[in-house]
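Visitor: Data: data-v6.txt, compact mmCIF, C-alpha atoms.
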```txt
# COMPACT_ATOMS: atom_id res chain seq x y z
CA MET I 1 0.00 0.00 0.00
CA ARG I 2 1.45 3.33 -0.95
CA ASP I 3 1.46 6.36 1.32
CA ILE I 4 -1.17 9.02 0.78
CA PRO I 5 0.23 12.57 0.93
CA TYR I 6 -0.73 14.51 4.03
CA HIS I 7 -2.54 17.31 2.15
CA THR I 8 -4.67 14.76 0.25
CA MET I 9 -5.63 12.97 3.47
CA PHE I 10 -6.44 16.32 5.11
CA THR I 11 -8.68 17.28 2.17
CA LEU I 12 -10.54 13.94 2.27
CA ILE I 13 -11.14 14.17 6.01
CA THR I 14 -12.34 17.79 5.68
CA LEU I 15 -14.80 16.78 2.94
CA LEU I 16 -16.18 13.91 5.02
CA ILE I 17 -16.72 16.17 8.00
CA ALA I 18 -18.33 18.94 5.90
CA LEU I 19 -20.78 16.67 4.07
CA PRO I 20 -24.28 16.53 5.57
CA PRO I 21 -25.53 13.23 6.93
CA ALA I 22 -27.14 10.94 4.34
CA ALA I 23 -30.55 11.17 6.04
CA ALA I 24 -30.67 14.94 5.44
CA THR I 25 -30.72 14.29 1.69
CA SER I 26 -33.12 11.37 1.83
CA PRO I 27 -35.69 11.47 -1.00
CA ASP I 28 -38.54 10.83 1.46
CA LYS I 29 -37.63 13.72 3.75
CA ILE I 30 -38.40 17.43 3.21
CA ILE I 31 -38.53 20.46 5.44
CA LEU I 32 -42.17 21.52 5.84
CA THR I 33 -41.53 25.23 5.32
CA ASP I 34 -39.99 24.49 1.88
CA ILE I 35 -43.25 23.00 0.56
CA LYS I 36 -45.01 25.53 -1.69
CA VAL I 37 -48.21 23.62 -2.60
CA LEU I 38 -49.99 20.49 -1.38
CA THR I 39 -52.70 18.78 -3.44
CA PHE I 40 -55.11 16.47 -1.64
CA GLN I 41 -57.49 14.01 -3.32
CA ALA I 42 -60.65 12.40 -1.96
CA GLY I 43 -60.40 8.63 -1.61
CA HIS I 44 -56.59 8.69 -1.39
CA ARG I 45 -54.55 7.97 1.71
CA THR I 46 -51.30 9.47 2.90
CA THR I 47 -48.13 7.44 2.39
CA GLY I 48 -46.74 7.97 5.88
CA ARG I 49 -46.04 5.30 8.46
CA MET I 50 -49.59 5.79 9.76
CA PRO I 51 -51.73 6.27 6.61
CA VAL I 52 -54.86 8.40 6.98
CA PRO I 53 -57.25 9.88 4.39
CA GLN I 54 -55.70 12.83 2.52
CA LEU I 55 -59.01 14.70 2.86
CA GLN I 56 -61.20 14.55 5.94
CA CYS I 57 -64.40 16.59 5.93
CA LEU I 58 -65.83 17.60 9.32
CA GLY I 59 -69.38 18.77 9.89
CA ASP I 60 -72.85 18.60 8.38
CA LEU I 61 -72.17 19.54 4.75
CA CYS I 62 -69.74 16.74 3.91
CA LYS I 63 -72.05 15.30 1.24
CA HIS I 64 -70.88 18.30 -0.83
CA ALA I 65 -67.20 17.49 -0.29
CA PRO I 66 -64.85 18.28 -3.19
CA ASP I 67 -62.73 15.70 -5.01
CA THR I 68 -59.53 17.78 -4.86
CA VAL I 69 -58.24 20.56 -2.61
CA GLN I 70 -55.04 22.49 -3.19
CA CYS I 71 -53.34 24.30 -0.32
CA THR I 72 -50.66 26.95 -0.82
CA ASN I 73 -48.01 27.83 1.74
CA VAL I 74 -48.56 31.55 2.42
CA GLY I 75 -45.87 31.88 5.08
CA THR I 76 -45.37 31.08 8.71
CA ASP I 77 -46.42 32.62 11.99
CA GLY I 78 -43.01 31.73 13.39
CA ILE I 79 -44.25 28.38 14.65
CA ASN I 80 -46.52 26.82 12.03
CA VAL I 81 -46.88 27.04 8.26
CA GLN I 82 -49.98 29.00 7.26
CA TRP I 83 -51.99 27.38 4.45
CA GLU I 84 -54.55 28.90 2.10
CA CYS I 85 -56.75 26.17 0.61
CA GLU I 86 -58.86 26.34 -2.53
CA THR I 87 -61.16 24.03 -4.45
CA GLU I 88 -63.94 24.14 -7.00
CA MET I 89 -67.34 23.99 -5.33
CA HIS I 90 -70.87 25.24 -5.83
CA GLU I 91 -70.86 29.03 -5.58
CA THR I 92 -72.80 29.00 -2.27
CA LEU I 93 -70.20 26.81 -0.55
CA SER I 94 -66.56 27.18 0.46
CA ILE I 95 -64.09 25.25 2.56
CA LYS I 96 -62.39 26.33 5.74
CA ALA I 97 -59.18 24.45 6.41
CA HIS I 98 -59.15 23.14 9.95
CA ASP I 99 -55.69 21.56 9.94
CA VAL I 100 -52.96 20.53 7.51
CA ASN I 101 -51.20 17.76 9.38
CA CYS I 102 -47.95 16.12 8.27
CA GLU I 103 -46.00 13.30 9.88
CA GLY I 104 -42.65 14.42 11.33
CA TYR I 105 -39.74 12.47 9.89
CA ASP I 106 -38.03 11.50 13.15
CA SER I 107 -40.53 12.80 15.72
CA PRO I 108 -43.83 14.71 15.86
CA THR I 109 -41.96 18.03 16.29
CA ASP I 110 -39.35 17.39 13.56
CA PRO I 111 -39.25 20.31 11.07
CA TYR I 112 -38.61 17.68 8.39
CA ILE I 113 -41.62 15.65 7.31
CA LEU I 114 -42.12 12.34 5.57
CA VAL I 115 -42.96 13.03 1.91
CA GLY I 116 -46.56 12.09 1.11
CA SER I 117 -47.64 12.09 4.75
CA CYS I 118 -49.77 15.26 4.77
CA GLY I 119 -53.53 15.26 5.17
CA LEU I 120 -56.15 18.00 5.39
CA SER I 121 -59.14 18.19 7.69
CA TYR I 122 -61.65 20.88 6.81
CA HIS I 123 -65.21 22.20 7.21
CA ILE I 124 -67.59 23.18 4.44
CA LYS I 125 -69.39 26.43 5.11
CA GLY I 126 -72.21 28.21 3.35
CA THR I 127 -75.66 27.27 2.09
CA PRO I 128 -76.18 23.94 0.35
CA PRO I 129 -77.38 24.24 -3.22
CA SER I 130 -81.10 23.76 -3.70
CA THR I 131 -82.09 20.37 -5.09
CA SER I 132 -85.64 21.38 -5.93
CA LYS I 133 -86.54 22.31 -9.50
CA ILE I 134 -88.81 25.23 -10.21
```
Is it possible to express this structure as structure tokens?

Guide:
Amino acid sequence: MRDIPYHTMFTLITLLIALPPAAATSPDKIILTDIKVLTFQAGHRTTGRMPVPQLQCLGDLCKHAPDTVQCTNVGTDGINVQWECETEMHETLSIKAHDVNCEGYDSPTDPYILVGSCGLSYHIKGTPPSTSKI
């Protein structure tokens, strides 16, 4: 085995120390604040370790639940990401996001989340469309 020059060994050791851990670049790990848009679909489940429905309607008007909801990251309050959610619904109805919940990668408070683990619970507000014909 031949000797490796000191400056080469020093450079290799410096690179190994400076490189981030492999888990930080894992393809199934992302920092929540970096997510710009989340799209949720009715009938689909999250892909986290504890799968739940992507969309969960709460309240009395759930029979008017949309098929797809898209939530945009509009910033943070310093603690949580603030989401603005939109969908196509009858003009007399709208949704009110209750909670966008994502599974922490290593723990519930981890700023990194497991990709595909987010779900949305929401309420529908407004007046149901009339089903009677005049």

Visitor: Just checking: using all atoms listed in the file, which residue out of I:Ser26, I:Asn101, I:Thr46, I:Ser94 ends up closest to I:Lys125?

Guide: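 Among the listed residues, the smallest separation from I:Lys125 belongs to I:Ser94.
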
Visitor: At what distance in Å, to one decimal, does atom CA of I:His44 lie from atom CA of I:Glu88?

Guide: 18.0 Å

Visitor: Step by step, gather every atom of stretch 115-118 of chain I that the file lists, find the box along x, y and z that holds them, add 3 Å on each side, and finally give centre and edge lengths in Å to one decimal, as JSON.

Guide:
```
{"center_x": -46.4, "center_y": 13.7, "center_z": 2.9, "size_x": 12.8, "size_y": 9.2, "size_z": 9.7}
```

Visitor: What is the distance, in Å and to one decimal place, between atom CA of I:Cys118 and atom CA of I:Ile79?

Guide: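 Computed distance, atom CA of I:Cys118 to atom CA of I:Ile79, equals 17.3 Å.
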
Visitor: At a cut-off of 9 Å around the point (-38.7, 18.1, 8.4) (file coordinates), what residues fall inside when counting all atoms listed in the file? I'd like the answer as a PDB file with C-alpha atoms, keeping the file's coordinate frame.

Guide:
```pdb
ATOM      1  CA  LYS I  29     -37.630  13.720   3.750  1.00  0.00           C
ATOM      2  CA  ILE I  30     -38.400  17.430   3.210  1.00  0.00           C
ATOM      3  CA  ILE I  31     -38.530  20.460   5.440  1.00  0.00           C
ATOM      4  CA  LEU I  32     -42.170  21.520   5.840  1.00  0.00           C
ATOM      5  CA  THR I  33     -41.530  25.230   5.320  1.00  0.00           C
ATOM      6  CA  GLU I 103     -46.000  13.300   9.880  1.00  0.00           C
ATOM      7  CA  GLY I 104     -42.650  14.420  11.330  1.00  0.00           C
ATOM      8  CA  TYR I 105     -39.740  12.470   9.890  1.00  0.00           C
ATOM      9  CA  ASP I 106     -38.030  11.500  13.150  1.00  0.00           C
ATOM     10  CA  THR I 109     -41.960  18.030  16.290  1.00  0.00           C
ATOM     11  CA  ASP I 110     -39.350  17.390  13.560  1.00  0.00           C
ATOM     12  CA  PRO I 111     -39.250  20.310  11.070  1.00  0.00           C
ATOM     13  CA  TYR I 112     -38.610  17.680   8.390  1.00  0.00           C
ATOM     14  CA  ILE I 113     -41.620  15.650   7.310  1.00  0.00           C
ATOM     15  CA  LEU I 114     -42.120  12.340   5.570  1.00  0.00           C
TER      16      LEU I 114
END
```

Visitor: Name the closest residue to I:Leu38 among the candidates I:Gln70, I:Thr127, I:Gln54, I:Thr76; distances are taken between atoms, counting all atoms listed in the file.

Guide: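 Closest to I:Leu38, using all atoms listed in the file: I:Gln70.
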
Visitor: Using all atoms listed in the file, pick whichever of I:Ser130, I:Ile124, I:Lys96, I:Glu91 has the shortest atom-to-atom distance to I:Asp60.

Guide: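 Selected residue with least distance to I:Asp60: I:Ile124.
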
Visitor: Please report the interatomic distance between atom CA of I:Leu93 and atom CA of I:Leu61 in Å with one decimal.

Guide: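 Atom CA of I:Leu61 lies 9.2 Å from atom CA of I:Leu93.
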
Visitor: For each of I:Asn73, I:Ser121, I:Gln82, I:Thr68, take the minimum atom-to-atom distance to I:Ala42, counting only C-alpha atoms, then give the residue where this is smallest.

Guide: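 Among the listed residues, the smallest separation from I:Ala42 belongs to I:Thr68.
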
Visitor: Smallest atom-to-atom distance to I:Gln41: which of I:Met89, I:Gly75, I:Gly119, I:Gly126, using all atoms listed in the file?

Guide: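 The answer is I:Gly119, which sits nearest to I:Gln41.
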
Visitor: Residues at most 7 Å from I:Gln56, counting only C-alpha atoms, excluding those fewer than 3 positions away in the same chain, as a PyMOL selection string?

Guide: chain I and resi 53+120-122

Visitor: Identify which of the residues I:Ser117, I:Thr39, I:Thr47, I:Ser107 lies closest to I:Cys85, counting all atoms listed in the file when measuring atom-to-atom distances.

Guide: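 Answer, going by the shortest atom-to-atom distance: I:Thr39.
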
Visitor: How would you write as an MDAnalysis selection string the residues that get within 9 Å of (-64.9, 14.9, -3.9) in the file's frame, counting only C-alpha atoms?

Guide: chainID I and resid 41:43 55 63:69
